[in-house]
$ cat data07.cif   # mmCIF, C-alpha atoms
data_target
loop_
_atom_site.group_PDB
_atom_site.id
_atom_site.type_symbol
_atom_site.label_atom_id
_atom_site.label_comp_id
_atom_site.auth_asym_id
_atom_site.auth_seq_id
_atom_site.Cartn_x
_atom_site.Cartn_y
_atom_site.Cartn_z
ATOM 1 C CA MET B 1 -304.033 82.836 152.600
ATOM 2 C CA LEU B 2 -302.959 86.320 153.594
ATOM 3 C CA PRO B 3 -304.487 89.349 151.906
ATOM 4 C CA ILE B 4 -302.146 91.389 149.790
ATOM 5 C CA HIS B 5 -301.816 94.899 151.086
ATOM 6 C CA SER B 6 -301.020 97.676 148.633
ATOM 7 C CA GLY B 7 -300.589 100.706 150.855
ATOM 8 C CA PRO B 8 -298.476 103.747 150.306
ATOM 9 C CA SER B 9 -295.281 101.813 150.969
ATOM 10 C CA GLN B 10 -296.127 99.416 148.149
ATOM 11 C CA GLN B 11 -296.214 102.031 145.363
ATOM 12 C CA ALA B 12 -295.021 101.077 141.922
ATOM 13 C CA ALA B 13 -291.464 102.062 141.048
ATOM 14 C CA HIS B 14 -292.598 104.647 138.515
ATOM 15 C CA GLU B 15 -295.069 106.370 140.829
ATOM 16 C CA PHE B 16 -293.777 108.964 143.232
ATOM 17 C CA PRO B 17 -295.578 111.093 145.818
ATOM 18 C CA GLY B 18 -296.785 114.315 144.220
ATOM 19 C CA ARG B 19 -296.779 112.823 140.732
ATOM 20 C CA LYS B 20 -299.941 111.824 138.968
ATOM 21 C CA PRO B 21 -299.950 108.183 137.880
ATOM 22 C CA GLY B 22 -299.920 107.540 134.162
ATOM 23 C CA LYS B 23 -298.661 110.989 133.286
ATOM 24 C CA LYS B 24 -295.307 110.965 131.524
ATOM 25 C CA GLU B 25 -293.088 113.994 132.003
ATOM 26 C CA GLU B 26 -290.814 115.333 129.281
ATOM 27 C CA ALA B 27 -287.196 115.670 130.238
ATOM 28 C CA THR B 28 -286.404 119.363 130.138
ATOM 29 C CA MET B 29 -283.358 121.210 131.270
ATOM 30 C CA GLU B 30 -282.079 124.724 131.156
ATOM 31 C CA GLU B 31 -280.732 125.977 127.875
ATOM 32 C CA ARG B 32 -277.108 125.046 127.294
ATOM 33 C CA LEU B 33 -274.487 126.305 124.896
ATOM 34 C CA TYR B 34 -272.077 123.985 123.063
ATOM 35 C CA ASP B 35 -269.181 124.310 120.643
ATOM 36 C CA LEU B 36 -269.021 121.563 118.021
ATOM 37 C CA ILE B 37 -265.925 121.243 115.858
ATOM 38 C CA PHE B 38 -265.440 118.483 113.341
ATOM 39 C CA ILE B 39 -262.615 117.722 110.942
ATOM 40 C CA ALA B 40 -263.358 116.350 107.487
ATOM 41 C CA ARG B 41 -260.942 114.584 105.157
ATOM 42 C CA PRO B 42 -258.866 117.142 103.239
ATOM 43 C CA ALA B 43 -259.852 115.879 99.760
ATOM 44 C CA THR B 44 -263.582 116.054 100.521
ATOM 45 C CA PRO B 45 -265.588 118.071 97.992
ATOM 46 C CA GLU B 46 -267.350 121.143 99.338
ATOM 47 C CA ASP B 47 -270.826 119.702 98.658
ATOM 48 C CA GLU B 48 -270.101 116.666 100.877
ATOM 49 C CA ILE B 49 -269.227 118.973 103.770
ATOM 50 C CA LYS B 50 -272.398 120.971 103.089
ATOM 51 C CA LYS B 51 -274.381 117.704 103.374
ATOM 52 C CA VAL B 52 -272.876 117.014 106.811
ATOM 53 C CA ILE B 53 -273.632 120.580 107.952
ATOM 54 C CA THR B 54 -277.184 120.311 106.611
ATOM 55 C CA GLY B 55 -277.655 117.012 108.456
ATOM 56 C CA ILE B 56 -276.521 118.640 111.699
ATOM 57 C CA GLU B 57 -278.858 121.586 111.145
ATOM 58 C CA HIS B 58 -281.772 119.241 110.406
ATOM 59 C CA THR B 59 -281.118 117.186 113.556
ATOM 60 C CA CYS B 60 -280.933 120.360 115.649
ATOM 61 C CA ALA B 61 -284.217 121.595 114.204
ATOM 62 C CA GLU B 62 -285.886 118.227 114.932
ATOM 63 C CA LYS B 63 -284.759 118.172 118.562
ATOM 64 C CA GLY B 64 -285.487 121.831 119.234
ATOM 65 C CA GLY B 65 -281.907 123.098 119.171
ATOM 66 C CA LYS B 66 -280.600 126.200 117.488
ATOM 67 C CA ILE B 67 -277.367 126.648 115.555
ATOM 68 C CA GLU B 68 -276.175 130.126 116.384
ATOM 69 C CA LYS B 69 -272.993 130.189 114.348
ATOM 70 C CA THR B 70 -271.378 128.101 111.591
ATOM 71 C CA GLU B 71 -267.858 128.773 110.355
ATOM 72 C CA GLN B 72 -265.732 126.854 107.892
ATOM 73 C CA TRP B 73 -262.124 127.335 108.897
ATOM 74 C CA GLY B 74 -260.721 125.647 105.805
ATOM 75 C CA THR B 75 -257.847 123.179 105.513
ATOM 76 C CA ARG B 76 -255.378 123.172 108.398
ATOM 77 C CA LYS B 77 -252.465 121.020 109.409
ATOM 78 C CA LEU B 78 -253.232 118.508 112.169
ATOM 79 C CA ALA B 79 -251.028 118.193 115.260
ATOM 80 C CA TYR B 80 -250.731 114.437 114.663
ATOM 81 C CA ARG B 81 -251.900 111.914 112.095
ATOM 82 C CA VAL B 82 -255.600 111.111 112.236
ATOM 83 C CA ALA B 83 -256.905 108.284 110.043
ATOM 84 C CA LYS B 84 -253.692 108.520 107.958
ATOM 85 C CA HIS B 85 -254.215 112.241 107.288
ATOM 86 C CA ARG B 86 -251.940 115.123 108.203
ATOM 87 C CA GLU B 87 -254.430 117.829 107.179
ATOM 88 C CA GLY B 88 -258.153 118.297 107.619
ATOM 89 C CA MET B 89 -260.967 120.690 106.822
ATOM 90 C CA TYR B 90 -262.251 122.267 110.027
ATOM 91 C CA VAL B 91 -265.894 123.234 110.579
ATOM 92 C CA TYR B 92 -267.019 125.070 113.729
ATOM 93 C CA GLN B 93 -270.595 125.360 114.993
ATOM 94 C CA GLN B 94 -272.112 126.906 118.098
ATOM 95 C CA ILE B 95 -275.291 125.158 119.251
ATOM 96 C CA ARG B 96 -277.852 126.199 121.877
ATOM 97 C CA THR B 97 -280.273 123.549 123.126
ATOM 98 C CA SER B 98 -282.433 122.535 126.056
ATOM 99 C CA HIS B 99 -282.948 118.963 124.805
ATOM 100 C CA PRO B 100 -280.808 116.447 126.732
ATOM 101 C CA ASP B 101 -280.239 113.971 123.890
ATOM 102 C CA LEU B 102 -279.382 116.331 121.038
ATOM 103 C CA ILE B 103 -275.613 116.290 121.529
ATOM 104 C CA ALA B 104 -275.517 112.504 121.855
ATOM 105 C CA GLU B 105 -277.485 112.224 118.605
ATOM 106 C CA LEU B 106 -275.210 114.692 116.791
ATOM 107 C CA GLU B 107 -272.103 112.823 117.931
ATOM 108 C CA ARG B 108 -273.626 109.518 116.846
ATOM 109 C CA ARG B 109 -274.325 110.925 113.380
ATOM 110 C CA LEU B 110 -270.813 112.374 113.076
ATOM 111 C CA ARG B 111 -269.317 109.056 114.174
ATOM 112 C CA VAL B 112 -270.932 107.174 111.267
ATOM 113 C CA GLN B 113 -270.011 109.762 108.618
ATOM 114 C CA ASP B 114 -267.124 108.619 106.391
ATOM 115 C CA VAL B 115 -266.225 112.224 105.637
ATOM 116 C CA VAL B 116 -265.624 113.144 109.302
ATOM 117 C CA ILE B 117 -262.332 111.930 110.775
ATOM 118 C CA LYS B 118 -262.549 113.685 114.160
ATOM 119 C CA TYR B 119 -265.080 115.722 116.170
ATOM 120 C CA LEU B 120 -265.247 117.430 119.536
ATOM 121 C CA THR B 121 -268.165 118.875 121.496
ATOM 122 C CA VAL B 122 -267.506 121.249 124.391
ATOM 123 C CA ARG B 123 -270.131 122.567 126.784
ATOM 124 C CA LEU B 124 -269.608 126.301 127.211
ATOM 125 C CA ASP B 125 -272.368 127.439 129.542
ATOM 126 C CA GLU B 126 -270.675 125.922 132.607
ATOM 127 C CA ASP B 127 -267.571 128.014 131.967
ATOM 128 C CA LEU B 128 -269.662 131.124 131.353
ATOM 129 C CA LYS B 129 -271.687 130.440 134.500
ATOM 130 C CA ARG B 130 -268.493 129.949 136.527
ATOM 131 C CA GLN B 131 -267.040 133.156 135.083
ATOM 132 C CA LYS B 132 -270.177 135.139 135.994
ATOM 133 C CA LYS B 133 -270.025 133.705 139.511
ATOM 134 C CA TYR B 134 -266.414 134.888 139.963
ATOM 135 C CA VAL B 135 -267.269 138.344 138.613
ATOM 136 C CA HIS B 136 -270.206 138.553 141.029
ATOM 137 C CA LYS B 137 -268.016 137.480 143.974
ATOM 138 C CA ARG B 138 -265.414 140.071 142.997
ATOM 139 C CA GLU B 139 -268.077 142.805 142.826
ATOM 140 C CA VAL B 140 -269.507 141.824 146.223
ATOM 141 C CA ARG B 141 -266.033 141.803 147.755
ATOM 142 C CA ALA B 142 -265.263 145.196 146.207
ATOM 143 C CA ALA B 143 -268.530 146.620 147.558
ATOM 144 C CA ARG B 144 -267.667 145.409 151.075
ATOM 145 C CA ARG B 145 -264.247 147.044 151.056
ATOM 146 C CA PRO B 146 -264.162 150.665 152.165
ATOM 147 C CA ARG B 147 -263.350 152.907 149.272
ATOM 148 C CA ARG B 148 -260.126 154.795 149.597
ATOM 149 C CA THR B 149 -260.698 158.277 148.342
ATOM 150 C CA PRO B 150 -257.505 160.026 147.439
ATOM 151 C CA ALA B 151 -256.959 163.419 149.033
ATOM 152 C CA PRO B 152 -258.102 166.198 146.763
ATOM 153 C CA GLN B 153 -255.264 167.531 144.730
ATOM 154 C CA SER B 154 -255.119 171.195 145.609
ATOM 155 C CA ALA B 155 -252.499 173.705 144.680
ATOM 156 C CA PRO B 156 -249.200 173.042 146.379
ATOM 157 C CA PRO B 157 -248.989 174.936 149.651
ATOM 158 C CA ALA B 158 -247.401 178.344 149.266
ATOM 159 C CA GLN B 159 -244.111 178.796 150.961
ATOM 160 C CA ALA B 160 -244.764 179.963 154.463
ATOM 161 C CA PRO B 161 -242.880 183.102 155.420
ATOM 162 C CA PRO B 162 -239.912 182.357 157.578
ATOM 163 C CA PRO B 163 -240.730 182.580 161.272
ATOM 164 C CA ALA B 164 -239.942 185.875 162.871
ATOM 165 C CA ALA B 165 -236.498 185.887 164.221
ATOM 166 C CA ALA B 166 -236.897 185.278 167.898
ATOM 167 C CA PRO B 167 -233.970 185.743 170.170
ATOM 168 C CA GLU B 168 -232.344 182.461 170.819
ATOM 169 C CA PRO B 169 -232.271 181.477 174.422
ATOM 170 C CA THR B 170 -228.836 181.514 175.839
ATOM 171 C CA PRO B 171 -227.800 178.616 177.865
ATOM 172 C CA ALA B 172 -227.542 179.352 181.498
ATOM 173 C CA ALA B 173 -224.239 178.610 182.940
#
$ encode --input "data07.cif" --output "structure tokens"
Amino acid sequence: MLPIHSGPSQQAAHEFPGRKPGKKEEATMEERLYDLIFIARPATPEDEIKKVITGIEHTCAEKGGKIEKTEQWGTRKLAYRVAKHREGMYVYQQIRTSHPDLIAELERRLRVQDVVIKYLTVRLDEDLKRQKKYVHKREVRAARRPRRTPAPQSAPPAQAPPPAAAPEPTPAA
């Protein structure tokens, strides 16, 4: 029988160099900004919509997210029929979170709500980051370019006196 060798090449799948065995790391990421818009059935009472909003706020608080803005846009006409409705009550929320599973959980909860007929979550921080990057590039490029300074605007030059009348040379024949 051959002895079983458990050297460094035989490490368990969950153990990596530089990581202490048995220590579980929390998944953390940088803070992200999201827009969440959902559409409720048009005949939904106001208190039902408040329940959905409260549920979203509670879930965000549990997972460490923060709702920065909540707006109820009211009843609007839909571009096309959704669940046999031509109108819907729009609710907009802006959410900031660093928890990776919060948005998936919010979407799951909205999916099972009978009141909600449509929802959309958009990640904004990527667009903001991209916009800042372009602004920075533009500033760097502008700093590299030599500045054109316009000539100082002085008073228009005074009319020079006509040159003294000099005798014109006569052509030699």
$ resolve_selection --input "data07.cif" --expression "the PyMOL selection byres ((chain B and resi 87) around 8)" --output "PyMOL selection string"
chain B and resi 41-42+75-78+85-86+88-89
$ axis_aligned_box --input "data07.cif" --around "range 30-37 of chain B" --padding-each-side "6 Å" --output "AutoDock Vina command-line options"
--center_x -274.0 --center_y 123.8 --center_z 123.5 --size_x 28.2 --size_y 17.1 --size_z 27.3
$ atom_distance --input "data07.cif" --atom1 "CA of His136 in chain B" --atom2 "CA of Thr121 in chain B"
27.8 Å
$ closest_atom_pairs --input "data07.cif" --of "range 9-115 of chain B" --to "range 124-131 of chain B" --cutoff "9 Å" --atoms "all atoms listed in the file" --output "CSV"
residue,atom,partner,partner_atom,distance
B:Glu31,CA,B:Asp125,CA,8.7
B:Arg32,CA,B:Asp125,CA,5.8
B:Leu33,CA,B:Asp125,CA,5.2
B:Tyr34,CA,B:Leu124,CA,5.4
B:Asp35,CA,B:Leu124,CA,6.9
$ write_last_selection --input "data07.cif" --atoms "C-alpha atoms" --output "short mmCIF file (atom, residue, chain, number, x, y, z; two decimals), keeping the file's coordinate frame"
data_model
loop_
_atom_site.label_atom_id
_atom_site.label_comp_id
_atom_site.auth_asym_id
_atom_site.auth_seq_id
_atom_site.Cartn_x
_atom_site.Cartn_y
_atom_site.Cartn_z
CA GLU B 31 -280.73 125.98 127.88
CA ARG B 32 -277.11 125.05 127.29
CA LEU B 33 -274.49 126.30 124.90
CA TYR B 34 -272.08 123.98 123.06
CA ASP B 35 -269.18 124.31 120.64
#
$ residues_around --input "data07.cif" --residues "Glu57 in chain B" --least-positions-apart "2" --cutoff "10 Å" --atoms "only C-alpha atoms" --output "MDAnalysis selection string"
chainID B and resid 51:55 59:62 65:67 70 93 95 106
$ atom_distance --input "data07.cif" --atom1 "CA of Lys118 in chain B" --atom2 "CA of Ser98 in chain B"
24.8 Å
$ closest_residue --input "data07.cif" --among "B:Tyr80, B:Leu102, B:Val122, B:Gln72" --to "Glu46 in chain B" --atoms "only C-alpha atoms"
B:Gln72
$ atom_distance --input "data07.cif" --atom1 "CA of Ala79 in chain B" --atom2 "CA of Arg109 in chain B"
24.5 Å
